[in-house]
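What follows is a single structure, written as structure tokens, with notes after it.
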2 protein chains.
Amino acid sequence: MPRRHRRGHAWWHGKFQGYGYKITASREIVFGILAGSEKHLSAEDIYIKAHAMNPAIGMTTIYRTLDILTEMRLVNKFDFGDGRARYELTEGPKGALHHHHLICTSCNRVIDYTDFIDEEVELLTRTEKGLTGKYNFKIFHHLIQFYGLCDKCQKGQDN
Amino acid sequence: MPRRHRRGHAWWHGKFQGYGYKITASREIVFGILAGSEKHLSAEDIYIKAHAMNPAIGMTTIYRTLDILTEMRLVNKFDFGDGRARYELTEGPKGALHHHHLICTSCNRVIDYTDFIDEEVELLTRTEKGLTGKYNFKIFHHLIQFYGLCDKCQKGQDN
DNA sequence: TTTTTTAATGATAATGGTTGTCATTTACAA
DNA sequence: TTGTAAATGACAACCATTATCATTAAAAAA
């Protein structure tokens with residue numbers, strides 16, 4: 001294997017450097033896993049995948065990497081109420097994929113939805129602008145979640 | 001003190017009984033604390049207040065009571081990302097007090113806002129109806145949170 | 001009221017996701 | 001190629017929350 005730089009220059013490398021963070025093999029792996037997954041992953045999900053690619057990677061590194069990715073706003077961190085955080089790339093290859101969540105409070109299933117998003121975006125943009133003005137709060141990200149019972153849990157109401 | 005029933009009949013007593021739960025002194029205290037507070041309280045916040053009123057009350061009971069209140073949808077449970085859940089009565093004395101949250105990702109400060117709620121409610125109602133139809137998901141509660149930097153943290157950007 | 005039944009409670013231990021510590025390794029600038 | 005500060009992994013610690021279990025109390029039955 002040649003000794004020169006093994007890696008290409010992914011678009012996010014610049015952002016890393018801008019924040020003073022080094023580009024390491026672990027970080028590429030974690031980013032790659034997030035980029036290659038449709039779903040919101042837990043730290044453990046990511047750890048398992050990363051470990052399969054390189055067993056030397058430790059759990060601590062996964063958390064640390066997710067933290068800095070979140071800090072740089074490349075990743076959004078979610079809580080669905082089941083005691084573990086989920087992580088998701090802020091934008092996919094074709095820009096932000098705007099969606100929200102329906103969370104079943106009985107079985108913890110999460111349904112992503114993208115319906116009604118256009119009207120929503122319009123309202124949110126207006127709201128964000130208003131809130132930013134009133135409270136001088138700089139908004140980077142928002143979260144909308146609906147809680148209730150999924151199809152299945154409505155039927156077997158008795159759990 | 002007379003030996004007959006010491007308590008009045010708060011409106012939520014019936015709901016407790018409907019679910020088969022007993023009305024106990026601890027549960028009245030927890031409910032009272034939630035009803036008497038404007039803010040979203042953590043389990044520990046509630047424990048401290050409850051303990052002041054009756055030192056025999058244990059942390060476990062606080063959690064258990066909050067769980068059943070949440071199950072009965074008398075209480076909403078929130079996560080602001082600081083590792084502890086917050087609890088808030090679903091409706092105040094004068095009905096649901098609809099508000100949402102601005103969360104500072106730097107200092108974890110939470111600002112409640114009630115601005116723009118009217119337009120929001122209109123859209124949400126429509127969205128909820130649509131989602132309920134499409135996914136057969138029964139929605140009880142929703143959450144809107146904006147994440148960003150509060151006034152203070154924008155200035156001292158360096159923490 | 002008294003008794004009976006069963007849920008609720010509190011002390012305490014256990015769980016489990018996440019974070020801190022520290023010696024070692026690595027990225028990358030000089 | 002070398003120097004240096006950041007990154008890493010193993011492991012311990014943390015801490016909010018949950019499980020266990022013997023005891024107590026609510027409310028139904030007598």
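By order of appearance in the structure tokens: chains A, B, ..., then residues from 1 within every chain, and ligands from 1 in the order shown.
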Select all residues from chain C having any atom no more than 8 Å from an atom of chain B (counting only C-alpha atoms (C1' of nucleotides), ignoring ligands), output as an mmCIF file with N, CA and C atoms (P, O5', C5', C4', C3', O3' and C1' of nucleotides), in the first residue's frame.
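This is the output file part_27.cif:
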data_model
loop_
_atom_site.group_PDB
_atom_site.id
_atom_site.type_symbol
_atom_site.label_atom_id
_atom_site.label_comp_id
_atom_site.auth_asym_id
_atom_site.auth_seq_id
_atom_site.Cartn_x
_atom_site.Cartn_y
_atom_site.Cartn_z
ATOM 1 P P DA C 7 -53.638 -6.230 42.548
ATOM 2 O "O5'" DA C 7 -53.340 -4.668 42.557
ATOM 3 C "C5'" DA C 7 -54.397 -3.768 42.840
ATOM 4 C "C4'" DA C 7 -53.844 -2.567 43.587
ATOM 5 C "C3'" DA C 7 -52.616 -1.941 42.929
ATOM 6 O "O3'" DA C 7 -52.763 -0.535 43.028
ATOM 7 C "C1'" DA C 7 -52.089 -2.567 45.139
ATOM 8 P P DT C 9 -47.974 4.798 46.085
ATOM 9 O "O5'" DT C 9 -46.926 4.219 47.128
ATOM 10 C "C5'" DT C 9 -47.253 4.232 48.507
ATOM 11 C "C4'" DT C 9 -46.084 3.686 49.303
ATOM 12 C "C3'" DT C 9 -44.746 4.333 48.961
ATOM 13 O "O3'" DT C 9 -44.280 5.017 50.106
ATOM 14 C "C1'" DT C 9 -44.600 1.949 49.088
ATOM 15 P P DG C 10 -43.113 6.082 50.002
ATOM 16 O "O5'" DG C 10 -41.908 5.213 50.554
ATOM 17 C "C5'" DG C 10 -42.042 4.562 51.808
ATOM 18 C "C4'" DG C 10 -40.766 3.812 52.114
ATOM 19 C "C3'" DG C 10 -39.483 4.550 51.731
ATOM 20 O "O3'" DG C 10 -38.508 4.151 52.681
ATOM 21 C "C1'" DG C 10 -39.626 2.553 50.483
#
Is it possible to get the superposed chain A, fitted on chain B over all Cα pairs by sequence order, as a short mmCIF file (atom, residue, chain, number, x, y, z; two decimals) with N, CA and C atoms, in the first residue's frame?
data_model
loop_
_atom_site.label_atom_id
_atom_site.label_comp_id
_atom_site.auth_asym_id
_atom_site.auth_seq_id
_atom_site.Cartn_x
_atom_site.Cartn_y
_atom_site.Cartn_z
N MET A 1 -58.00 14.40 64.60
CA MET A 1 -58.41 14.39 63.16
C MET A 1 -59.50 13.34 62.92
N PRO A 2 -60.58 13.75 62.29
CA PRO A 2 -61.69 12.81 62.06
C PRO A 2 -61.24 11.63 61.19
N ARG A 3 -61.92 10.55 61.39
CA ARG A 3 -61.52 9.30 60.75
C ARG A 3 -62.05 9.19 59.32
N ARG A 4 -63.06 9.99 59.00
CA ARG A 4 -63.66 9.88 57.65
C ARG A 4 -62.68 10.41 56.58
N HIS A 5 -63.05 10.21 55.39
CA HIS A 5 -62.21 10.56 54.24
C HIS A 5 -61.66 11.97 54.38
N ARG A 6 -60.35 12.06 54.40
CA ARG A 6 -59.71 13.34 54.65
C ARG A 6 -59.74 14.25 53.42
N ARG A 7 -59.83 13.66 52.25
CA ARG A 7 -59.58 14.43 51.04
C ARG A 7 -60.86 14.88 50.33
N GLY A 8 -60.74 15.93 49.55
CA GLY A 8 -61.83 16.33 48.70
C GLY A 8 -61.84 15.42 47.48
N HIS A 9 -62.58 15.82 46.47
CA HIS A 9 -62.62 14.98 45.28
C HIS A 9 -62.15 15.77 44.08
N ALA A 10 -60.84 15.79 43.93
CA ALA A 10 -60.27 16.50 42.79
C ALA A 10 -60.78 15.86 41.50
N TRP A 11 -60.79 16.65 40.45
CA TRP A 11 -61.36 16.21 39.17
C TRP A 11 -60.64 14.98 38.62
N TRP A 12 -59.40 14.82 38.96
CA TRP A 12 -58.64 13.71 38.39
C TRP A 12 -58.82 12.41 39.15
N HIS A 13 -59.49 12.45 40.32
CA HIS A 13 -59.68 11.22 41.08
C HIS A 13 -60.43 10.17 40.27
N GLY A 14 -61.43 10.64 39.55
CA GLY A 14 -62.22 9.72 38.73
C GLY A 14 -61.36 9.01 37.71
N LYS A 15 -60.46 9.77 37.10
CA LYS A 15 -59.59 9.21 36.08
C LYS A 15 -58.70 8.12 36.68
N PHE A 16 -58.19 8.38 37.86
CA PHE A 16 -57.38 7.39 38.56
C PHE A 16 -58.17 6.10 38.74
N GLN A 17 -59.37 6.27 39.24
CA GLN A 17 -60.18 5.09 39.52
C GLN A 17 -60.54 4.35 38.25
N GLY A 18 -60.78 5.15 37.20
CA GLY A 18 -61.08 4.52 35.92
C GLY A 18 -59.97 3.60 35.45
N TYR A 19 -58.75 3.96 35.77
CA TYR A 19 -57.61 3.13 35.38
C TYR A 19 -57.30 2.05 36.42
N GLY A 20 -58.08 2.02 37.49
CA GLY A 20 -57.84 1.01 38.52
C GLY A 20 -56.72 1.36 39.49
N TYR A 21 -56.34 2.62 39.50
CA TYR A 21 -55.29 3.04 40.43
C TYR A 21 -55.91 3.61 41.69
N LYS A 22 -55.22 3.40 42.79
CA LYS A 22 -55.72 3.92 44.06
C LYS A 22 -55.26 5.36 44.27
N ILE A 23 -56.04 6.07 45.03
CA ILE A 23 -55.68 7.46 45.34
C ILE A 23 -54.96 7.45 46.68
N THR A 24 -53.70 7.81 46.62
CA THR A 24 -52.89 7.78 47.84
C THR A 24 -52.35 9.17 48.15
N ALA A 25 -51.86 9.32 49.37
CA ALA A 25 -51.33 10.62 49.79
C ALA A 25 -50.16 11.03 48.89
N SER A 26 -49.28 10.09 48.57
CA SER A 26 -48.13 10.41 47.72
C SER A 26 -48.57 10.93 46.36
N ARG A 27 -49.55 10.27 45.82
CA ARG A 27 -50.01 10.67 44.48
C ARG A 27 -50.64 12.04 44.49
N GLU A 28 -51.35 12.34 45.58
CA GLU A 28 -51.92 13.68 45.68
C GLU A 28 -50.82 14.72 45.76
N ILE A 29 -49.79 14.40 46.51
CA ILE A 29 -48.69 15.35 46.66
C ILE A 29 -48.01 15.60 45.32
N VAL A 30 -47.69 14.53 44.61
CA VAL A 30 -47.02 14.70 43.32
C VAL A 30 -47.90 15.50 42.36
N PHE A 31 -49.17 15.15 42.30
CA PHE A 31 -50.06 15.88 41.41
C PHE A 31 -50.13 17.35 41.80
N GLY A 32 -50.23 17.58 43.10
CA GLY A 32 -50.30 18.95 43.60
C GLY A 32 -49.07 19.77 43.24
N ILE A 33 -47.92 19.14 43.33
CA ILE A 33 -46.68 19.85 42.98
C ILE A 33 -46.68 20.23 41.50
N LEU A 34 -47.07 19.30 40.66
CA LEU A 34 -47.14 19.59 39.23
C LEU A 34 -48.15 20.70 38.95
N ALA A 35 -49.29 20.62 39.62
CA ALA A 35 -50.34 21.61 39.38
C ALA A 35 -49.91 22.99 39.87
N GLY A 36 -49.07 23.02 40.87
CA GLY A 36 -48.68 24.30 41.45
C GLY A 36 -47.43 24.92 40.85
N SER A 37 -46.90 24.27 39.83
CA SER A 37 -45.68 24.80 39.22
C SER A 37 -45.88 25.21 37.78
N GLU A 38 -45.27 26.30 37.42
CA GLU A 38 -45.36 26.78 36.04
C GLU A 38 -44.40 26.02 35.14
N LYS A 39 -43.31 25.57 35.73
CA LYS A 39 -42.22 25.04 34.92
C LYS A 39 -42.29 23.53 34.76
N HIS A 40 -41.50 23.06 33.83
CA HIS A 40 -41.33 21.62 33.62
C HIS A 40 -40.32 21.12 34.64
N LEU A 41 -40.75 20.21 35.47
CA LEU A 41 -39.92 19.74 36.59
C LEU A 41 -39.29 18.39 36.29
N SER A 42 -38.12 18.19 36.84
CA SER A 42 -37.49 16.87 36.76
C SER A 42 -38.00 16.03 37.92
N ALA A 43 -37.76 14.73 37.85
CA ALA A 43 -38.18 13.85 38.93
C ALA A 43 -37.54 14.30 40.24
N GLU A 44 -36.31 14.72 40.15
CA GLU A 44 -35.62 15.15 41.37
C GLU A 44 -36.23 16.44 41.93
N ASP A 45 -36.55 17.38 41.05
CA ASP A 45 -37.23 18.60 41.50
C ASP A 45 -38.45 18.23 42.32
N ILE A 46 -39.22 17.31 41.78
CA ILE A 46 -40.47 16.92 42.42
C ILE A 46 -40.18 16.20 43.73
N TYR A 47 -39.16 15.36 43.70
CA TYR A 47 -38.78 14.63 44.91
C TYR A 47 -38.44 15.59 46.04
N ILE A 48 -37.68 16.60 45.73
CA ILE A 48 -37.26 17.56 46.77
C ILE A 48 -38.47 18.27 47.39
N LYS A 49 -39.37 18.71 46.53
CA LYS A 49 -40.58 19.38 47.03
C LYS A 49 -41.44 18.41 47.84
N ALA A 50 -41.59 17.20 47.31
CA ALA A 50 -42.44 16.21 47.98
C ALA A 50 -41.84 15.84 49.34
N HIS A 51 -40.54 15.68 49.33
CA HIS A 51 -39.84 15.30 50.55
C HIS A 51 -40.02 16.35 51.64
N ALA A 52 -40.08 17.63 51.22
CA ALA A 52 -40.28 18.71 52.19
C ALA A 52 -41.67 18.61 52.83
N MET A 53 -42.64 18.10 52.06
CA MET A 53 -43.99 17.99 52.59
C MET A 53 -44.17 16.71 53.39
N ASN A 54 -43.46 15.67 52.97
CA ASN A 54 -43.54 14.40 53.69
C ASN A 54 -42.27 13.60 53.45
N PRO A 55 -41.38 13.63 54.43
CA PRO A 55 -40.05 13.03 54.26
C PRO A 55 -40.09 11.52 54.05
N ALA A 56 -41.24 10.92 54.24
CA ALA A 56 -41.32 9.47 54.07
C ALA A 56 -41.38 9.07 52.60
N ILE A 57 -41.70 10.01 51.75
CA ILE A 57 -41.85 9.71 50.32
C ILE A 57 -40.51 9.39 49.68
N GLY A 58 -40.47 8.31 48.93
CA GLY A 58 -39.23 7.87 48.30
C GLY A 58 -39.18 8.23 46.82
N MET A 59 -37.98 8.24 46.30
CA MET A 59 -37.77 8.56 44.89
C MET A 59 -38.53 7.59 43.98
N THR A 60 -38.49 6.33 44.35
CA THR A 60 -39.17 5.32 43.53
C THR A 60 -40.64 5.67 43.32
N THR A 61 -41.26 6.13 44.37
CA THR A 61 -42.69 6.48 44.27
C THR A 61 -42.90 7.65 43.32
N ILE A 62 -41.98 8.60 43.36
CA ILE A 62 -42.09 9.74 42.43
C ILE A 62 -42.08 9.22 41.00
N TYR A 63 -41.12 8.39 40.68
CA TYR A 63 -41.04 7.86 39.31
C TYR A 63 -42.28 7.06 38.95
N ARG A 64 -42.72 6.22 39.91
CA ARG A 64 -43.87 5.39 39.59
C ARG A 64 -45.11 6.25 39.36
N THR A 65 -45.26 7.27 40.17
CA THR A 65 -46.43 8.13 40.02
C THR A 65 -46.36 8.89 38.69
N LEU A 66 -45.18 9.38 38.36
CA LEU A 66 -45.04 10.10 37.09
C LEU A 66 -45.34 9.17 35.91
N ASP A 67 -44.93 7.92 36.05
CA ASP A 67 -45.21 6.96 34.98
C ASP A 67 -46.71 6.77 34.76
N ILE A 68 -47.43 6.59 35.84
CA ILE A 68 -48.87 6.36 35.64
C ILE A 68 -49.57 7.64 35.21
N LEU A 69 -49.10 8.77 35.68
CA LEU A 69 -49.69 10.03 35.23
C LEU A 69 -49.46 10.20 33.73
N THR A 70 -48.28 9.82 33.29
CA THR A 70 -47.97 9.90 31.86
C THR A 70 -48.84 8.92 31.08
N GLU A 71 -48.96 7.72 31.62
CA GLU A 71 -49.78 6.71 30.95
C GLU A 71 -51.23 7.20 30.79
N MET A 72 -51.72 7.87 31.82
CA MET A 72 -53.10 8.37 31.78
C MET A 72 -53.21 9.66 31.00
N ARG A 73 -52.07 10.13 30.51
CA ARG A 73 -52.01 11.36 29.72
C ARG A 73 -52.43 12.60 30.51
N LEU A 74 -52.22 12.54 31.81
CA LEU A 74 -52.42 13.74 32.62
C LEU A 74 -51.14 14.56 32.63
N VAL A 75 -50.05 13.89 32.27
CA VAL A 75 -48.74 14.53 32.30
C VAL A 75 -48.01 14.26 31.00
N ASN A 76 -47.27 15.24 30.53
CA ASN A 76 -46.38 15.03 29.39
C ASN A 76 -44.94 14.97 29.87
N LYS A 77 -44.23 14.05 29.25
CA LYS A 77 -42.83 13.83 29.60
C LYS A 77 -41.96 14.40 28.48
N PHE A 78 -40.99 15.22 28.84
CA PHE A 78 -40.13 15.84 27.83
C PHE A 78 -38.68 15.45 28.02
N ASP A 79 -37.95 15.56 26.95
CA ASP A 79 -36.50 15.39 27.03
C ASP A 79 -35.85 16.59 26.38
N PHE A 80 -35.05 17.31 27.14
CA PHE A 80 -34.39 18.49 26.60
C PHE A 80 -32.93 18.22 26.31
N GLY A 81 -32.53 16.98 26.41
CA GLY A 81 -31.18 16.62 26.01
C GLY A 81 -30.13 16.76 27.09
N ASP A 82 -30.54 16.97 28.31
CA ASP A 82 -29.54 17.10 29.37
C ASP A 82 -29.51 15.87 30.28
N GLY A 83 -30.09 14.79 29.79
CA GLY A 83 -29.96 13.53 30.52
C GLY A 83 -31.00 13.27 31.60
N ARG A 84 -31.93 14.19 31.78
CA ARG A 84 -33.01 13.90 32.72
C ARG A 84 -34.33 14.32 32.13
N ALA A 85 -35.35 13.56 32.39
CA ALA A 85 -36.66 13.84 31.83
C ALA A 85 -37.34 14.96 32.62
N ARG A 86 -38.24 15.68 31.96
CA ARG A 86 -39.03 16.73 32.61
C ARG A 86 -40.49 16.38 32.46
N TYR A 87 -41.26 16.81 33.44
CA TYR A 87 -42.67 16.49 33.46
C TYR A 87 -43.50 17.74 33.64
N GLU A 88 -44.66 17.72 33.03
CA GLU A 88 -45.51 18.90 33.02
C GLU A 88 -46.95 18.44 32.87
N LEU A 89 -47.84 19.05 33.63
CA LEU A 89 -49.25 18.71 33.52
C LEU A 89 -49.74 18.97 32.10
N THR A 90 -50.51 18.06 31.55
CA THR A 90 -51.03 18.23 30.20
C THR A 90 -51.89 19.48 30.10
N GLU A 91 -52.78 19.65 31.05
CA GLU A 91 -53.59 20.87 31.04
C GLU A 91 -53.59 21.55 32.40
N GLY A 92 -53.51 22.84 32.37
CA GLY A 92 -53.58 23.62 33.59
C GLY A 92 -55.02 23.81 34.00
N PRO A 93 -55.25 24.62 35.03
CA PRO A 93 -56.61 24.86 35.52
C PRO A 93 -57.54 25.37 34.42
N LYS A 94 -57.00 26.20 33.51
CA LYS A 94 -57.87 26.74 32.46
C LYS A 94 -57.65 26.06 31.11
N GLY A 95 -57.54 24.75 31.17
CA GLY A 95 -57.38 23.99 29.93
C GLY A 95 -55.94 23.93 29.49
N ALA A 96 -55.74 23.33 28.35
CA ALA A 96 -54.38 23.13 27.85
C ALA A 96 -53.68 24.46 27.63
N LEU A 97 -52.49 24.59 28.18
CA LEU A 97 -51.72 25.80 27.90
C LEU A 97 -50.67 25.42 26.88
N HIS A 98 -51.00 25.76 25.63
CA HIS A 98 -50.20 25.28 24.52
C HIS A 98 -48.94 26.10 24.36
N HIS A 99 -47.82 25.43 24.45
CA HIS A 99 -46.56 26.14 24.25
C HIS A 99 -45.52 25.16 23.75
N HIS A 100 -44.43 25.71 23.25
CA HIS A 100 -43.33 24.87 22.80
C HIS A 100 -42.03 25.40 23.34
N HIS A 101 -40.94 24.79 22.90
CA HIS A 101 -39.67 25.11 23.56
C HIS A 101 -38.56 25.51 22.60
N LEU A 102 -37.79 26.48 23.05
CA LEU A 102 -36.52 26.81 22.41
C LEU A 102 -35.44 26.29 23.34
N ILE A 103 -34.57 25.43 22.83
CA ILE A 103 -33.55 24.84 23.68
C ILE A 103 -32.17 25.27 23.23
N CYS A 104 -31.42 25.85 24.14
CA CYS A 104 -30.06 26.25 23.81
C CYS A 104 -29.14 25.05 23.95
N THR A 105 -28.51 24.69 22.84
CA THR A 105 -27.67 23.48 22.86
C THR A 105 -26.35 23.73 23.56
N SER A 106 -26.09 24.97 23.90
CA SER A 106 -24.84 25.26 24.59
C SER A 106 -25.01 25.24 26.11
N CYS A 107 -26.00 25.96 26.61
CA CYS A 107 -26.16 26.04 28.08
C CYS A 107 -27.39 25.28 28.56
N ASN A 108 -28.14 24.67 27.63
CA ASN A 108 -29.32 23.88 27.99
C ASN A 108 -30.49 24.69 28.53
N ARG A 109 -30.41 26.00 28.41
CA ARG A 109 -31.54 26.81 28.84
C ARG A 109 -32.76 26.49 27.97
N VAL A 110 -33.91 26.52 28.57
CA VAL A 110 -35.15 26.27 27.83
C VAL A 110 -36.06 27.48 27.93
N ILE A 111 -36.46 27.98 26.78
CA ILE A 111 -37.40 29.10 26.74
C ILE A 111 -38.74 28.57 26.24
N ASP A 112 -39.77 28.80 27.01
CA ASP A 112 -41.11 28.46 26.54
C ASP A 112 -41.60 29.58 25.66
N TYR A 113 -42.26 29.25 24.59
CA TYR A 113 -42.86 30.32 23.81
C TYR A 113 -44.30 29.95 23.47
N THR A 114 -45.10 30.98 23.33
CA THR A 114 -46.50 30.75 23.00
C THR A 114 -46.87 31.55 21.77
N ASP A 115 -45.85 32.13 21.12
CA ASP A 115 -46.09 32.93 19.93
C ASP A 115 -46.40 32.02 18.74
N PHE A 116 -47.14 32.55 17.82
CA PHE A 116 -47.41 31.86 16.55
C PHE A 116 -48.19 30.56 16.75
N ILE A 117 -48.69 30.39 17.98
CA ILE A 117 -49.33 29.13 18.30
C ILE A 117 -50.62 28.93 17.52
N ASP A 118 -51.37 30.01 17.29
CA ASP A 118 -52.66 29.85 16.64
C ASP A 118 -52.52 29.26 15.24
N GLU A 119 -51.61 29.84 14.47
CA GLU A 119 -51.42 29.33 13.10
C GLU A 119 -50.91 27.89 13.17
N GLU A 120 -50.05 27.68 14.16
CA GLU A 120 -49.45 26.37 14.33
C GLU A 120 -50.52 25.33 14.60
N VAL A 121 -51.39 25.66 15.54
CA VAL A 121 -52.45 24.74 15.92
C VAL A 121 -53.28 24.35 14.71
N GLU A 122 -53.54 25.36 13.89
CA GLU A 122 -54.36 25.11 12.70
C GLU A 122 -53.67 24.09 11.80
N LEU A 123 -52.39 24.32 11.56
CA LEU A 123 -51.65 23.41 10.69
C LEU A 123 -51.52 22.02 11.32
N LEU A 124 -51.22 22.01 12.61
CA LEU A 124 -51.03 20.73 13.27
C LEU A 124 -52.30 19.91 13.28
N THR A 125 -53.41 20.57 13.49
CA THR A 125 -54.68 19.86 13.49
C THR A 125 -54.88 19.18 12.14
N ARG A 126 -54.58 19.93 11.09
CA ARG A 126 -54.73 19.36 9.76
C ARG A 126 -53.75 18.20 9.56
N THR A 127 -52.51 18.42 9.98
CA THR A 127 -51.48 17.40 9.82
C THR A 127 -51.83 16.14 10.62
N GLU A 128 -52.23 16.36 11.84
CA GLU A 128 -52.59 15.21 12.68
C GLU A 128 -53.69 14.40 12.03
N LYS A 129 -54.69 15.11 11.51
CA LYS A 129 -55.81 14.43 10.88
C LYS A 129 -55.30 13.58 9.70
N GLY A 130 -54.46 14.21 8.90
CA GLY A 130 -53.92 13.51 7.74
C GLY A 130 -53.10 12.29 8.12
N LEU A 131 -52.25 12.46 9.11
CA LEU A 131 -51.39 11.35 9.52
C LEU A 131 -52.20 10.23 10.14
N THR A 132 -53.19 10.61 10.93
CA THR A 132 -54.04 9.61 11.55
C THR A 132 -54.69 8.77 10.47
N GLY A 133 -55.17 9.43 9.43
CA GLY A 133 -55.81 8.71 8.34
C GLY A 133 -54.85 7.81 7.61
N LYS A 134 -53.70 8.35 7.24
CA LYS A 134 -52.77 7.60 6.41
C LYS A 134 -52.13 6.42 7.11
N TYR A 135 -51.73 6.62 8.35
CA TYR A 135 -50.99 5.56 9.05
C TYR A 135 -51.82 4.84 10.10
N ASN A 136 -53.09 5.26 10.24
CA ASN A 136 -53.94 4.74 11.30
C ASN A 136 -53.22 4.81 12.64
N PHE A 137 -52.66 5.97 12.88
CA PHE A 137 -51.89 6.22 14.10
C PHE A 137 -52.72 7.18 14.93
N LYS A 138 -53.02 6.80 16.17
CA LYS A 138 -53.86 7.67 17.01
C LYS A 138 -52.97 8.61 17.80
N ILE A 139 -53.05 9.89 17.48
CA ILE A 139 -52.16 10.88 18.08
C ILE A 139 -52.78 11.51 19.32
N PHE A 140 -52.00 11.53 20.38
CA PHE A 140 -52.49 12.14 21.63
C PHE A 140 -51.77 13.43 21.97
N HIS A 141 -50.61 13.60 21.38
CA HIS A 141 -49.75 14.63 21.94
C HIS A 141 -48.65 14.90 20.93
N HIS A 142 -48.21 16.15 20.84
CA HIS A 142 -47.11 16.41 19.95
C HIS A 142 -46.07 17.29 20.62
N LEU A 143 -44.94 17.34 20.00
CA LEU A 143 -43.81 18.04 20.58
C LEU A 143 -43.13 18.85 19.48
N ILE A 144 -42.92 20.11 19.74
CA ILE A 144 -42.16 20.93 18.81
C ILE A 144 -41.05 21.61 19.58
N GLN A 145 -39.84 21.41 19.14
CA GLN A 145 -38.72 22.05 19.81
C GLN A 145 -37.78 22.65 18.78
N PHE A 146 -37.30 23.83 19.07
CA PHE A 146 -36.28 24.45 18.23
C PHE A 146 -34.97 24.43 18.98
N TYR A 147 -33.91 24.02 18.29
CA TYR A 147 -32.60 23.97 18.90
C TYR A 147 -31.70 25.05 18.33
N GLY A 148 -30.92 25.66 19.19
CA GLY A 148 -30.01 26.67 18.70
C GLY A 148 -29.23 27.28 19.83
N LEU A 149 -28.83 28.52 19.63
CA LEU A 149 -28.03 29.22 20.63
C LEU A 149 -28.80 30.40 21.19
N CYS A 150 -28.87 30.49 22.50
CA CYS A 150 -29.56 31.61 23.12
C CYS A 150 -28.70 32.86 23.01
N ASP A 151 -29.35 33.96 23.28
CA ASP A 151 -28.72 35.27 23.24
C ASP A 151 -27.33 35.24 23.88
N LYS A 152 -27.30 34.77 25.12
CA LYS A 152 -26.07 34.80 25.89
C LYS A 152 -24.97 33.96 25.24
N CYS A 153 -25.32 32.76 24.80
CA CYS A 153 -24.31 31.85 24.26
C CYS A 153 -23.82 32.27 22.88
N GLN A 154 -24.60 33.07 22.18
CA GLN A 154 -24.11 33.58 20.90
C GLN A 154 -22.95 34.55 21.12
N LYS A 155 -23.03 35.26 22.24
CA LYS A 155 -21.98 36.23 22.53
C LYS A 155 -20.71 35.53 23.00
N GLY A 156 -20.83 34.72 24.02
CA GLY A 156 -19.65 33.97 24.48
C GLY A 156 -19.51 32.67 23.71
N GLN A 157 -19.35 32.81 22.40
CA GLN A 157 -19.35 31.66 21.51
C GLN A 157 -18.30 30.60 21.85
N ASP A 158 -17.33 30.98 22.66
CA ASP A 158 -16.14 30.14 22.79
C ASP A 158 -16.24 29.00 23.81
N ASN A 159 -17.37 28.75 24.39
CA ASN A 159 -17.40 27.61 25.32
C ASN A 159 -17.65 26.31 24.57
#
DSSP strand (DSSP E or B) residues within chain A, as number ranges by chain: A: 41-42, 75-79, 85-89, 92, 95, 100-104, 110-113, 138-149
Interface rows for chain D against chain B: nearest pair, Å to one decimal, 9 Å, only C-alpha atoms (C1' of nucleotides), as JSON lines:
{"residue": "D:DA16", "atom": "C1'", "partner": "B:Arg84", "partner_atom": "CA", "distance": 6.5}
{"residue": "D:DT17", "atom": "C1'", "partner": "B:Tyr63", "partner_atom": "CA", "distance": 8.2}
{"residue": "D:DT18", "atom": "C1'", "partner": "B:Thr60", "partner_atom": "CA", "distance": 8.8}
{"residue": "D:DA25", "atom": "C1'", "partner": "B:Thr24", "partner_atom": "CA", "distance": 8.7}
{"residue": "D:DA26", "atom": "C1'", "partner": "B:Lys22", "partner_atom": "CA", "distance": 6.6}
{"residue": "D:DA27", "atom": "C1'", "partner": "B:Lys22", "partner_atom": "CA", "distance": 8.1}
Separation of atom C1' of C:DA11 from atom C1' of D:DA19, in Å and rounded to one decimal: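 Value for the atom C1' of C:DA11-atom C1' of D:DA19 distance: 12.7 Å.
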Shell around D:DT2 at 12 Å using only C-alpha atoms (C1' of nucleotides), local window under 2 positions removed, as a VMD selection string: (chain C and resid 28 to 30) or (chain D and resid 4)
Residue list (alpha helix (DSSP H), DSSP) for chain B, as a ChimeraX atom specification: /B:13-18,25-35,43-53,59-71,117-135,151-155
Shell of 12 Å around C:DC22, only C-alpha atoms (C1' of nucleotides), local chain residues under 3 positions omitted, as a list in words: DT8, DG9, DA10, DC11 and DA12 of chain D
